[in-house]
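Asker: File target36.txt follows (compact mmCIF, C-alpha atoms and all ligand atoms):
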```
# COMPACT_ATOMS: atom_id res chain seq x y z
CA MET A 91 24.78 8.29 0.24
CA ARG A 92 23.41 7.65 -3.27
CA LEU A 93 20.82 5.37 -4.83
CA THR A 94 23.49 2.86 -5.82
CA ASP A 95 24.39 2.57 -2.13
CA CYS A 96 20.89 1.25 -1.40
CA HIS A 97 20.80 -2.54 -1.20
CA ASN A 98 17.79 -3.11 0.99
CA PHE A 99 14.77 -1.53 2.68
CA HIS A 100 16.87 -0.02 5.47
CA ASP A 101 19.23 1.73 3.03
CA PHE A 102 16.30 3.28 1.13
CA ARG A 103 14.73 4.35 4.42
CA GLU A 104 17.97 6.03 5.47
CA LEU A 105 18.32 7.87 2.12
CA ALA A 106 14.69 9.00 2.36
CA ARG A 107 15.30 10.19 5.93
CA ARG A 108 18.21 12.30 4.73
CA ARG A 109 16.24 13.83 1.85
CA LEU A 110 12.81 14.47 3.36
CA PRO A 111 11.82 17.13 5.89
CA GLY A 112 11.30 15.36 9.23
CA PRO A 113 7.48 15.75 9.36
CA ILE A 114 7.08 14.05 5.95
CA PHE A 115 9.54 11.26 6.74
CA ASN A 116 7.73 10.59 10.01
CA TYR A 117 4.34 10.57 8.29
CA ILE A 118 5.55 7.68 6.11
CA ASP A 119 7.61 5.90 8.74
CA GLY A 120 5.26 6.14 11.70
CA GLY A 121 2.35 4.09 12.98
CA ALA A 122 -0.44 4.45 15.52
CA ASP A 123 -0.09 4.79 19.32
CA ASP A 124 3.00 2.88 20.52
CA GLU A 125 3.70 1.43 17.06
CA VAL A 126 3.51 -2.14 18.41
CA THR A 127 1.63 -3.44 15.36
CA LEU A 128 3.98 -1.58 13.03
CA ARG A 129 6.98 -3.40 14.54
CA ARG A 130 5.20 -6.73 14.89
CA ASN A 131 4.24 -6.74 11.19
CA THR A 132 7.89 -7.30 10.25
CA GLU A 133 8.90 -9.28 13.33
CA SER A 134 6.20 -11.86 12.67
CA PHE A 135 8.07 -13.04 9.56
CA GLU A 136 11.04 -13.81 11.77
CA CYS A 137 9.02 -16.26 13.86
CA CYS A 138 8.72 -18.46 10.83
CA ASP A 139 11.57 -20.33 9.13
CA LEU A 140 11.88 -21.60 5.59
CA VAL A 141 12.66 -25.25 4.90
CA PRO A 142 14.31 -25.53 1.47
CA ASN A 143 14.46 -28.50 -0.86
CA ILE A 144 17.46 -29.19 -3.06
CA LEU A 145 18.49 -30.71 -6.40
CA ARG A 146 15.22 -29.96 -8.17
CA GLY A 147 16.54 -28.36 -11.35
CA VAL A 148 15.92 -24.66 -10.83
CA GLY A 149 17.42 -23.15 -14.00
CA GLU A 150 14.40 -20.99 -14.85
CA VAL A 151 12.12 -19.41 -12.28
CA ASP A 152 8.65 -18.08 -13.12
CA LEU A 153 7.53 -15.43 -10.60
CA SER A 154 4.16 -14.75 -12.21
CA VAL A 155 0.84 -15.05 -10.37
CA THR A 156 -2.80 -14.49 -11.30
CA VAL A 157 -4.73 -12.22 -8.96
CA MET A 158 -8.40 -11.38 -9.40
CA GLY A 159 -8.21 -12.42 -13.03
CA ARG A 160 -5.10 -10.35 -13.80
CA ARG A 161 -1.69 -11.82 -14.49
CA LEU A 162 1.19 -10.16 -12.64
CA ALA A 163 4.82 -10.83 -13.57
CA LEU A 164 5.76 -10.40 -9.89
CA PRO A 165 3.85 -11.65 -6.82
CA VAL A 166 4.42 -8.24 -5.20
CA TYR A 167 2.33 -5.12 -5.94
CA CYS A 168 2.45 -1.46 -4.91
CA SER A 169 -0.34 -0.97 -2.39
CA PRO A 170 -2.29 2.30 -2.66
CA THR A 171 -0.86 5.12 -0.55
CA ALA A 172 -1.84 8.76 -0.10
CA LEU A 173 -0.03 11.99 -1.00
CA GLN A 174 2.80 10.54 -3.10
CA ARG A 175 3.75 13.87 -4.73
CA LEU A 176 4.68 15.15 -1.28
CA PHE A 177 7.34 12.47 -1.08
CA HIS A 178 8.73 13.08 -4.57
CA HIS A 179 7.42 15.55 -7.14
CA ASP A 180 6.69 12.75 -9.64
CA GLY A 181 4.64 10.83 -7.05
CA GLU A 182 2.19 8.29 -8.51
CA ARG A 183 3.62 8.81 -12.02
CA ALA A 184 6.94 7.39 -10.83
CA VAL A 185 5.31 4.48 -9.00
CA ALA A 186 3.02 3.55 -11.90
CA ALA A 187 5.90 3.72 -14.38
CA ALA A 188 8.06 1.45 -12.22
CA ALA A 189 5.20 -1.01 -11.55
CA SER A 190 4.49 -1.13 -15.26
CA ARG A 191 8.16 -1.81 -16.06
CA TYR A 192 8.12 -4.80 -13.70
CA GLY A 193 4.72 -5.97 -14.91
CA THR A 194 2.91 -5.59 -11.64
CA MET A 195 -0.18 -3.91 -10.23
CA PHE A 196 -0.23 -0.48 -8.57
CA GLY A 197 -2.85 1.15 -6.41
CA VAL A 198 -4.13 4.71 -6.68
CA SER A 199 -5.43 6.16 -3.44
CA SER A 200 -8.54 8.29 -3.02
CA LEU A 201 -6.01 10.68 -1.52
CA GLY A 202 -3.71 10.28 -4.51
CA THR A 203 -2.00 13.30 -6.06
CA VAL A 204 -2.24 12.28 -9.74
CA SER A 205 -5.55 11.47 -11.39
CA LEU A 206 -6.56 7.86 -11.92
CA GLU A 207 -7.51 8.76 -15.52
CA GLU A 208 -4.04 10.07 -16.35
CA LEU A 209 -2.39 6.97 -14.90
CA ARG A 210 -4.82 4.61 -16.65
CA LYS A 211 -4.06 6.24 -20.01
CA ALA A 212 -0.31 6.14 -19.49
CA TYR A 213 0.13 2.52 -18.30
CA SER A 214 -1.59 -0.73 -19.11
CA THR A 215 -0.46 -2.73 -16.06
CA PRO A 216 -3.39 -3.58 -13.71
CA GLN A 217 -4.61 -0.62 -11.71
CA VAL A 218 -6.39 -0.71 -8.38
CA TYR A 219 -8.50 2.22 -7.20
CA GLN A 220 -8.59 2.54 -3.45
CA PHE A 221 -11.90 3.88 -2.25
CA TYR A 222 -13.16 5.44 0.97
CA PHE A 223 -16.88 5.31 1.68
CA HIS A 224 -18.58 8.72 1.97
CA LYS A 225 -21.74 9.69 3.84
CA ASP A 226 -23.07 11.05 0.55
CA ARG A 227 -24.22 7.94 -1.34
CA GLY A 228 -24.61 9.96 -4.55
CA LEU A 229 -20.95 10.93 -4.30
CA ASN A 230 -19.96 7.26 -3.85
CA ARG A 231 -21.95 6.29 -6.95
CA ALA A 232 -20.44 9.13 -8.97
CA MET A 233 -16.92 8.14 -7.95
CA LEU A 234 -17.50 4.50 -8.87
CA GLU A 235 -18.81 5.54 -12.28
CA ARG A 236 -15.80 7.77 -12.78
CA ALA A 237 -13.44 4.88 -11.98
CA ARG A 238 -15.34 2.58 -14.33
CA THR A 239 -15.16 5.10 -17.17
CA ALA A 240 -11.45 5.51 -16.56
CA GLY A 241 -10.96 1.74 -16.97
CA VAL A 242 -9.85 0.85 -13.44
CA ASP A 243 -9.34 -2.94 -13.15
CA ILE A 244 -9.98 -3.55 -9.47
CA MET A 245 -12.03 -1.63 -6.93
CA MET A 246 -10.46 -1.79 -3.48
CA LEU A 247 -12.51 -0.51 -0.57
CA THR A 248 -10.46 0.24 2.55
CA VAL A 249 -12.41 -0.96 5.58
CA ASP A 250 -9.92 -0.46 8.41
CA SER A 251 -10.09 3.34 8.43
CA ILE A 252 -13.60 3.94 9.74
CA THR A 253 -11.91 6.62 11.83
CA GLY A 254 -8.37 8.00 11.69
CA GLY A 255 -5.55 6.26 13.58
CA ASN A 256 -3.73 8.06 16.39
CA ARG A 257 -0.39 8.95 14.79
CA GLU A 258 1.46 10.70 17.56
CA ARG A 259 4.53 11.50 15.46
CA ASP A 260 2.26 13.65 13.27
CA LEU A 261 0.78 15.36 16.31
CA ARG A 262 4.26 16.31 17.44
CA THR A 263 5.40 17.70 14.08
CA GLY A 264 2.04 19.19 13.14
CA PHE A 265 1.89 17.17 9.90
CA SER A 266 -1.49 17.62 8.24
CA ILE A 267 -2.83 18.66 4.84
CA PRO A 268 -2.80 21.62 4.53
CA PHE A 269 0.34 21.99 6.63
CA ARG A 270 -0.15 23.22 10.18
CA LEU A 271 3.39 22.75 11.37
CA THR A 272 4.65 23.24 14.86
CA LEU A 273 7.72 25.47 15.22
CA ALA A 274 9.89 22.37 15.48
CA GLY A 275 8.21 20.99 12.35
CA MET A 276 8.92 24.23 10.45
CA LEU A 277 12.58 24.05 11.39
CA GLN A 278 12.71 20.55 9.96
CA PHE A 279 11.53 21.96 6.61
CA ALA A 280 14.01 24.84 6.80
CA ILE A 281 16.97 22.46 7.01
CA LYS A 282 15.87 20.53 3.88
CA PRO A 283 15.60 23.40 1.35
CA ARG A 284 16.04 21.09 -1.66
CA TRP A 285 12.69 19.45 -0.93
CA GLY A 286 11.06 22.91 -0.70
CA ILE A 287 12.57 24.06 -4.01
CA ASN A 288 11.31 20.92 -5.73
CA TYR A 289 7.88 21.31 -4.17
CA VAL A 290 7.38 24.90 -5.34
CA SER A 291 9.01 24.48 -8.75
CA HIS A 292 6.73 21.64 -9.90
CA GLU A 293 3.04 21.35 -10.65
CA ARG A 294 0.80 22.50 -7.81
CA PHE A 295 -0.12 19.89 -5.20
CA LYS A 296 -3.65 18.53 -5.82
CA LEU A 297 -5.93 15.69 -4.79
CA PRO A 298 -7.54 15.01 -8.19
CA GLN A 299 -9.62 12.02 -7.07
CA LEU A 300 -11.49 14.36 -4.71
CA ASP A 301 -11.16 17.79 -6.35
CA GLN A 302 -14.27 17.39 -8.53
CA HIS A 303 -16.38 16.32 -5.59
CA VAL A 304 -15.02 17.99 -2.46
CA ASP A 305 -13.73 21.55 -2.02
CA MET A 306 -10.26 21.06 -0.61
CA SER A 307 -8.82 24.17 -2.26
CA GLY A 308 -7.05 26.82 -0.26
CA GLY A 309 -7.21 24.71 2.88
CA ALA A 310 -11.04 24.80 2.94
CA LEU A 311 -11.13 21.21 4.18
CA SER A 312 -8.19 19.44 5.80
CA ILE A 313 -7.63 15.72 5.29
CA GLY A 314 -8.41 15.24 8.99
CA ARG A 315 -11.77 16.98 8.55
CA TYR A 316 -12.39 15.09 5.30
CA PHE A 317 -12.14 11.87 7.33
CA THR A 318 -14.35 13.04 10.18
CA GLU A 319 -16.92 15.05 8.21
CA MET A 320 -17.27 13.29 4.87
CA LEU A 321 -16.52 9.62 5.43
CA ASP A 322 -19.23 7.45 6.89
CA PRO A 323 -18.49 5.63 10.16
CA SER A 324 -21.95 4.08 10.01
CA MET A 325 -20.97 2.04 6.93
CA LYS A 326 -22.20 -1.56 7.25
CA TRP A 327 -22.05 -4.79 5.27
CA ASN A 328 -25.25 -4.05 3.32
CA ASP A 329 -23.78 -0.72 2.12
CA VAL A 330 -20.75 -2.56 0.80
CA ALA A 331 -22.92 -5.29 -0.75
CA GLU A 332 -24.69 -2.56 -2.72
CA MET A 333 -21.35 -1.14 -3.87
CA VAL A 334 -20.22 -4.60 -4.97
CA ARG A 335 -23.41 -4.96 -7.03
CA GLN A 336 -23.00 -1.51 -8.56
CA TRP A 337 -19.35 -2.11 -9.48
CA ASN A 338 -20.13 -5.54 -10.92
CA GLY A 339 -16.46 -6.42 -11.41
CA GLN A 340 -13.37 -7.28 -9.39
CA PHE A 341 -14.02 -5.93 -5.90
CA CYS A 342 -11.61 -6.25 -3.01
CA LEU A 343 -11.86 -5.33 0.68
CA LYS A 344 -8.61 -4.00 2.15
CA GLY A 345 -8.13 -4.34 5.88
CA ILE A 346 -9.78 -7.66 6.74
CA MET A 347 -8.35 -9.28 9.87
CA SER A 348 -10.97 -11.74 11.14
CA VAL A 349 -12.19 -15.04 9.70
CA ALA A 350 -15.80 -13.94 10.26
CA ASP A 351 -15.27 -10.82 8.13
CA ALA A 352 -13.46 -12.80 5.45
CA LYS A 353 -16.50 -15.08 5.21
CA ARG A 354 -18.85 -12.10 5.00
CA ALA A 355 -16.73 -10.69 2.16
CA VAL A 356 -17.26 -13.94 0.23
CA GLU A 357 -21.01 -13.88 0.95
CA ILE A 358 -21.52 -10.38 -0.44
CA GLY A 359 -19.70 -11.26 -3.65
CA CYS A 360 -16.24 -9.73 -3.18
CA THR A 361 -13.56 -11.33 -5.35
CA GLY A 362 -10.61 -10.40 -3.14
CA ILE A 363 -9.58 -9.41 0.37
CA VAL A 364 -6.35 -7.93 1.67
CA VAL A 365 -5.35 -9.17 5.12
CA SER A 366 -3.96 -5.88 6.38
CA ASN A 367 -3.77 -3.58 9.38
CA HIS A 368 -2.89 -0.54 7.23
CA GLY A 369 0.82 -0.89 7.97
CA GLY A 370 0.21 -0.47 11.72
CA ARG A 371 -1.20 3.01 11.16
CA GLN A 372 -4.73 2.41 12.43
CA LEU A 373 -5.50 0.06 15.37
CA ASP A 374 -2.32 -0.40 17.37
CA GLY A 375 -2.25 -3.77 19.11
CA SER A 376 -3.97 -5.34 16.13
CA ARG A 377 -2.46 -8.69 15.18
CA ALA A 378 0.23 -8.75 12.49
CA SER A 379 -1.13 -9.53 9.03
CA PHE A 380 1.28 -12.43 8.53
CA ASP A 381 0.24 -13.99 11.89
CA GLN A 382 -3.41 -13.80 10.84
CA LEU A 383 -3.00 -15.00 7.27
CA ALA A 384 -3.16 -18.81 7.70
CA GLU A 385 -6.53 -18.95 9.45
CA ILE A 386 -8.09 -16.68 6.84
CA VAL A 387 -6.66 -18.68 3.94
CA ASP A 388 -7.94 -21.88 5.58
CA ALA A 389 -11.43 -20.43 5.92
CA VAL A 390 -11.93 -18.76 2.52
CA GLY A 391 -8.82 -19.29 0.38
CA ASP A 392 -10.64 -21.63 -2.01
CA ARG A 393 -13.44 -19.10 -2.65
CA ILE A 394 -11.75 -15.69 -2.82
CA ASN A 395 -8.34 -14.20 -3.65
CA VAL A 396 -6.55 -13.66 -0.35
CA LEU A 397 -3.83 -10.99 -0.50
CA MET A 398 -1.82 -9.60 2.39
CA ASP A 399 0.30 -6.55 3.21
CA GLY A 400 2.21 -5.18 6.19
CA GLY A 401 5.85 -5.20 7.19
CA VAL A 402 7.20 -6.76 4.00
CA GLN A 403 10.83 -5.79 3.49
CA ARG A 404 12.41 -8.85 1.86
CA GLY A 405 11.91 -11.45 -0.84
CA THR A 406 11.86 -14.12 1.87
CA HIS A 407 8.96 -12.34 3.60
CA VAL A 408 7.03 -12.57 0.34
CA LEU A 409 7.84 -16.27 -0.07
CA LYS A 410 6.63 -16.99 3.47
CA ALA A 411 3.29 -15.25 2.84
CA LEU A 412 2.86 -17.03 -0.50
CA SER A 413 3.70 -20.36 1.14
CA LEU A 414 0.86 -19.79 3.59
CA GLY A 415 -1.52 -19.27 0.69
CA ALA A 416 -1.56 -15.54 -0.12
CA LYS A 417 -2.11 -14.98 -3.87
CA ALA A 418 0.07 -11.84 -3.86
CA VAL A 419 1.70 -9.50 -1.38
CA GLY A 420 1.34 -5.73 -1.15
CA VAL A 421 4.06 -3.31 -0.13
CA GLY A 422 3.77 0.28 1.10
CA ARG A 423 6.86 1.73 2.73
CA TYR A 424 9.01 -0.70 0.71
CA TYR A 425 8.39 1.49 -2.37
CA LEU A 426 7.62 4.81 -0.64
CA PHE A 427 11.11 5.26 0.82
CA PRO A 428 12.74 4.60 -2.58
CA LEU A 429 10.24 7.03 -4.16
CA ALA A 430 11.23 9.70 -1.65
CA ALA A 431 14.91 8.88 -2.10
CA ALA A 432 15.06 8.97 -5.89
CA GLY A 433 11.68 9.07 -7.66
CA GLN A 434 11.06 6.55 -10.44
CA ALA A 435 14.69 5.36 -10.44
CA GLY A 436 14.33 4.61 -6.74
CA VAL A 437 11.11 2.60 -7.09
CA GLU A 438 12.59 0.72 -10.05
CA ARG A 439 15.68 -0.14 -8.06
CA ALA A 440 13.53 -1.38 -5.17
CA LEU A 441 11.42 -3.58 -7.48
CA GLU A 442 14.56 -4.79 -9.26
CA LEU A 443 16.10 -5.82 -5.92
CA MET A 444 12.84 -7.55 -4.96
CA GLN A 445 12.72 -9.42 -8.26
CA THR A 446 16.37 -10.51 -7.91
CA GLU A 447 15.81 -11.61 -4.30
CA LEU A 448 12.71 -13.56 -5.23
CA GLN A 449 14.47 -15.31 -8.09
CA ARG A 450 17.45 -16.20 -5.92
CA ASP A 451 15.30 -17.26 -2.95
CA MET A 452 13.03 -19.42 -5.12
CA LYS A 453 16.12 -21.23 -6.48
CA LEU A 454 17.49 -21.70 -2.98
CA MET A 455 14.10 -23.07 -1.92
CA GLY A 456 14.14 -25.53 -4.83
CA CYS A 457 11.09 -24.00 -6.56
CA THR A 458 10.58 -22.82 -10.13
CA ALA A 459 6.95 -21.63 -9.90
CA ILE A 460 5.02 -19.84 -7.15
CA SER A 461 2.47 -22.68 -7.16
CA GLN A 462 5.19 -25.01 -5.81
CA LEU A 463 5.39 -23.07 -2.54
CA SER A 464 3.38 -24.59 0.29
CA ARG A 465 3.20 -24.87 4.05
CA ALA A 466 5.53 -27.84 3.81
CA ASN A 467 8.21 -25.15 3.26
CA LEU A 468 7.55 -23.49 6.61
CA ARG A 469 8.12 -24.15 10.30
CA PHE A 470 6.91 -21.80 13.02
CA ARG A 471 9.15 -21.38 16.07
C1 LIG A 501 2.42 6.93 3.95
C2 LIG A 501 1.34 5.91 3.79
C3 LIG A 501 0.11 6.28 3.24
C4 LIG A 501 -0.91 5.34 3.07
N1 LIG A 501 -2.08 5.72 2.47
C5 LIG A 501 -3.06 4.80 2.28
C6 LIG A 501 -4.28 5.17 1.64
O1 LIG A 501 -4.47 6.30 1.22
N2 LIG A 501 -5.23 4.21 1.51
C7 LIG A 501 -5.05 2.92 1.96
O2 LIG A 501 -5.95 2.10 1.83
N3 LIG A 501 -3.89 2.56 2.55
C8 LIG A 501 -2.90 3.45 2.71
N4 LIG A 501 -1.73 3.07 3.31
C9 LIG A 501 -1.54 1.65 3.72
C10 LIG A 501 -0.88 0.85 2.59
O3 LIG A 501 -1.72 0.70 1.47
C11 LIG A 501 -0.48 -0.55 3.08
O4 LIG A 501 -1.60 -1.19 3.62
C12 LIG A 501 0.64 -0.51 4.13
O5 LIG A 501 1.57 0.50 3.83
C13 LIG A 501 1.35 -1.85 4.18
O6 LIG A 501 2.34 -1.85 5.17
P1 LIG A 501 3.90 -1.57 4.85
O7 LIG A 501 4.07 -0.10 4.67
O8 LIG A 501 4.57 -2.09 6.07
O9 LIG A 501 4.27 -2.34 3.60
C14 LIG A 501 -0.71 4.00 3.49
C15 LIG A 501 0.54 3.63 4.04
C16 LIG A 501 1.54 4.57 4.19
C17 LIG A 501 2.86 4.13 4.78
```
Here is the file; what I need is its structure written in the form of structure tokens.
Ligand SMILES: Cc1cc2nc3c(=O)[nH]c(=O)nc-3n(C[C@H](O)[C@H](O)[C@H](O)COP(=O)(O)O)c2cc1C
Answerer:
Amino acid sequence: MRLTDCHNFHDFRELARRRLPGPIFNYIDGGADDEVTLRRNTESFECCDLVPNILRGVGEVDLSVTVMGRRLALPVYCSPTALQRLFHHDGERAVAAAASRYGTMFGVSSLGTVSLEELRKAYSTPQVYQFYFHKDRGLNRAMLERARTAGVDIMMLTVDSITGGNRERDLRTGFSIPFRLTLAGMLQFAIKPRWGINYVSHERFKLPQLDQHVDMSGGALSIGRYFTEMLDPSMKWNDVAEMVRQWNGQFCLKGIMSVADAKRAVEIGCTGIVVSNHGGRQLDGSRASFDQLAEIVDAVGDRINVLMDGGVQRGTHVLKALSLGAKAVGVGRYYLFPLAAAGQAGVERALELMQTELQRDMKLMGCTAISQLSRANLRFR
């Protein structure tokens, strides 16, 4: 199976599965507890049907949107994800290059493996910095200043990870950073030697967003301990309000699921929210993002940019979310499997397929601009 054999999400997932050691594939693929939310995220799109219009003259389609003051050529962006150089040795460099080629936004995680400064210098497409809130307020301030100096466009604070999700696949394989594999997990690495050769023959694995602030060298602090020891579960709205004031720019909360919280985000001056359950990796049993989108758009959509992510695998999923009122749609695994399968070429192929699907689907819907999509296009079963 090669990249050219990949025509959709499932093909990329299969190629990634063949190329990655099992523990790494399962880290990307898996969710929390019984993975109910993970599955529901995609299923929820299937409970909603599109109602097309015809004969509207659809020669040229414009897929561009404006999100938090930035114009994107595509209504789909690469949501921030951790540890990308574990999936392919080019990691964030490949994702940023592909996002830039398709004129869309990419996120850099606090647990990213390439520095936000390097990526900012290399690409001019809008860059999001995904932030976790630390107990040490001085550290938070220093990290915000660093992101500002680097020229980050949008600050995105993840608020659904106040504690780590229960990812049982990772417990079984022993996936953690640094690796603490079970015997079965080690065997999975042994049967994928190509991944190992790539890993050791490229630049050393690092977490440059944290390196200057936290000693994670030589396994001193695992990511699990970083979450439990350094991040602040006592974070409250007034802490975030202070961060919003300090950043004094585009500020987005990622992981909002309730109308009450969406309203609070508006009150403290956020300019965006992402309706998200972290791809089903945190609170299992949480409602699907798509199911929760309409009530949040109705409550705050005229005052704040409402984005959504979770379970998106198709152009039609994106059109359904946009029809409900999302300003743009984030994807995670949709680009991570292609990254693992084939690096930059993989992510570019995935974005190319998405762009082609969106163009075709917009024409079939009878629309030439994203602003023409509305709830009149949708029926729920
Ligand atoms: C492997 C992996 C790592 C992730 N790492 C982060 C992260 O570091 N910070 C964050 O806010 N979200 C992270 N996410 C969540 C994504 O940003 C996004 O919300 C989610 O993947 C969307 O669901 P989808 O994968 O079904 O598209 C991660 C997701 C995956 C699959």
Asker: Smallest atom-to-atom distance to ligand LIG 501 (chain A): which of A:Phe265, A:Phe341, A:Tyr425, A:Tyr192, using all atoms listed in the file?
Answerer: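 Ranked by minimum distance to ligand LIG 501 (chain A), first place goes to A:Tyr425.
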Asker: Just want the 9 Å neighbourhood of A:Leu383, counted on all atoms listed in the file, with same-chain residues fewer than 2 positions away dropped. Output as a list in words.
Answerer: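 Surrounding residues, per the criterion: Met347, Val365, Ala378, Ser379, Phe380, Asp381, Glu385, Ile386, Val387, Asp388, Val396, Leu397, Met398, Ala411, Leu414, Gly415 and Ala416 of chain A.
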Asker: When distances are computed from only C-alpha atoms, which of A:Arg183, A:His97, A:Arg469, A:Arg450 shows the smallest separation from A:Val148?
Answerer: A:Arg450
Asker: Mind listing the residues within 9 Å of ligand LIG 501 (chain A), only C-alpha atoms and all ligand atoms counted, as a count of residues only?
Answerer: 58
Asker: Restricting the calculation to all atoms listed in the file: of A:Met91, A:Ala430, A:Ile358, A:Leu145, which residue gets closest to A:Asp329?
Answerer: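 Among the listed residues, A:Ile358 lies closest to A:Asp329.
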Asker: Within 8 Å of A:Leu429, counting all atoms listed in the file, which residues qualify if same-chain residues fewer than 3 places away don't, as a PyMOL selection string?
Answerer: chain A and resi 177-178+181+184-185+425-426+432-437
Asker: Which is closer to A:Glu258 than all the others in A:Ala122, A:Leu273, A:Val408, A:Leu93, using only C-alpha atoms?
Answerer: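 Checking each of A:Ala122, A:Leu273, A:Val408, A:Leu93 against A:Glu258, counting only C-alpha atoms, the winner is A:Ala122.
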Asker: Find the nearest atom pair between each residue of stretch 187-302 of chain A and stretch 104-110 of chain A for residues within 9 Å, count all atoms listed in the file, give distances in Å to one decimal, sort rows by chain and ascending number, and present the table as JSON lines.
Answerer:
```
{"residue": "A:Gln278", "atom": "CA", "partner": "A:Leu110", "partner_atom": "CA", "distance": 9.0}
{"residue": "A:Phe279", "atom": "CA", "partner": "A:Leu110", "partner_atom": "CA", "distance": 8.3}
{"residue": "A:Lys282", "atom": "CA", "partner": "A:Leu110", "partner_atom": "CA", "distance": 6.8}
{"residue": "A:Arg284", "atom": "CA", "partner": "A:Arg109", "partner_atom": "CA", "distance": 8.1}
{"residue": "A:Trp285", "atom": "CA", "partner": "A:Leu110", "partner_atom": "CA", "distance": 6.6}
```
Asker: Could you check the closest approach to A:Leu343 for each of A:Ala163, A:Ala355, A:Glu319, A:Thr239 and tell me which residue wins, using all atoms listed in the file?
Answerer: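 For A:Leu343, the nearest of the given residues is A:Ala355.
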Asker: Between atom CA of A:Phe196 and atom CA of A:Glu442, what distance in Å does the model show, to one decimal?
Answerer: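 Between atom CA of A:Phe196 and atom CA of A:Glu442 the gap is 15.4 Å.
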Asker: Might you pull out every residue within 8 Å of A:Val204, with only C-alpha atoms counted and same-chain residues fewer than 4 positions away left off, and present them as a compact mmCIF listing (two decimals) with C-alpha atoms, in the coordinates of the input?
Answerer:
```txt
# COMPACT_ATOMS: atom_id res chain seq x y z
CA ARG A 175 3.75 13.87 -4.73
CA GLY A 181 4.64 10.83 -7.05
CA GLU A 182 2.19 8.29 -8.51
CA ARG A 183 3.62 8.81 -12.02
CA GLU A 208 -4.04 10.07 -16.35
CA LEU A 209 -2.39 6.97 -14.90
CA LYS A 296 -3.65 18.53 -5.82
CA LEU A 297 -5.93 15.69 -4.79
CA PRO A 298 -7.54 15.01 -8.19
CA GLN A 299 -9.62 12.02 -7.07
```
Asker: Around all the atoms of stretch 430-438 of chain A listed in the file, with 4 Å of room on each side, what axis-aligned box do you get, giving centre and edge lengths in Å to one decimal, as JSON?
Answerer:
```
{"center_x": 13.1, "center_y": 5.2, "center_z": -6.0, "size_x": 12.0, "size_y": 17.0, "size_z": 16.8}
```
Asker: Residues around (-15.6, -1.7, -7.2), cut-off 8 Å, counting only C-alpha atoms - what are they as a VMD selection string?
Answerer: chain A and resid 234 244 to 247 333 to 334 336 to 342
Asker: Grab the atom CA of A:Glu447 to atom CA of A:His100 distance for me, in Å with one decimal place.
Answerer: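 Computing the Euclidean distance for atom CA of A:Glu447 and atom CA of A:His100 yields 15.2 Å.
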Asker: Could you tell me how far atom CA of A:Ala331 sits from atom CA of A:Arg354, in Å to one decimal place?
Answerer: 9.8 Å
Asker: Which neighbours of A:Asn143 fall inside 9 Å, counting all atoms listed in the file, when residues of the same chain fewer than 6 positions from it are skipped, and could you give them as a PyMOL selection string?
Answerer: chain A and resi 454-457+467
Asker: Within 7 Å of A:Leu164, counting only C-alpha atoms, which residues show up once you throw out same-chain ones fewer than 4 positions away? Write them as a PyMOL selection string, please.
Answerer: chain A and resi 153-155+193-194
Asker: So, with all atoms listed in the file as the atoms that count, which of A:Arg238, A:Arg404, A:His179, A:Arg191 lies closest to A:Ala431?
Answerer: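 Among the listed residues, the smallest separation from A:Ala431 belongs to A:His179.
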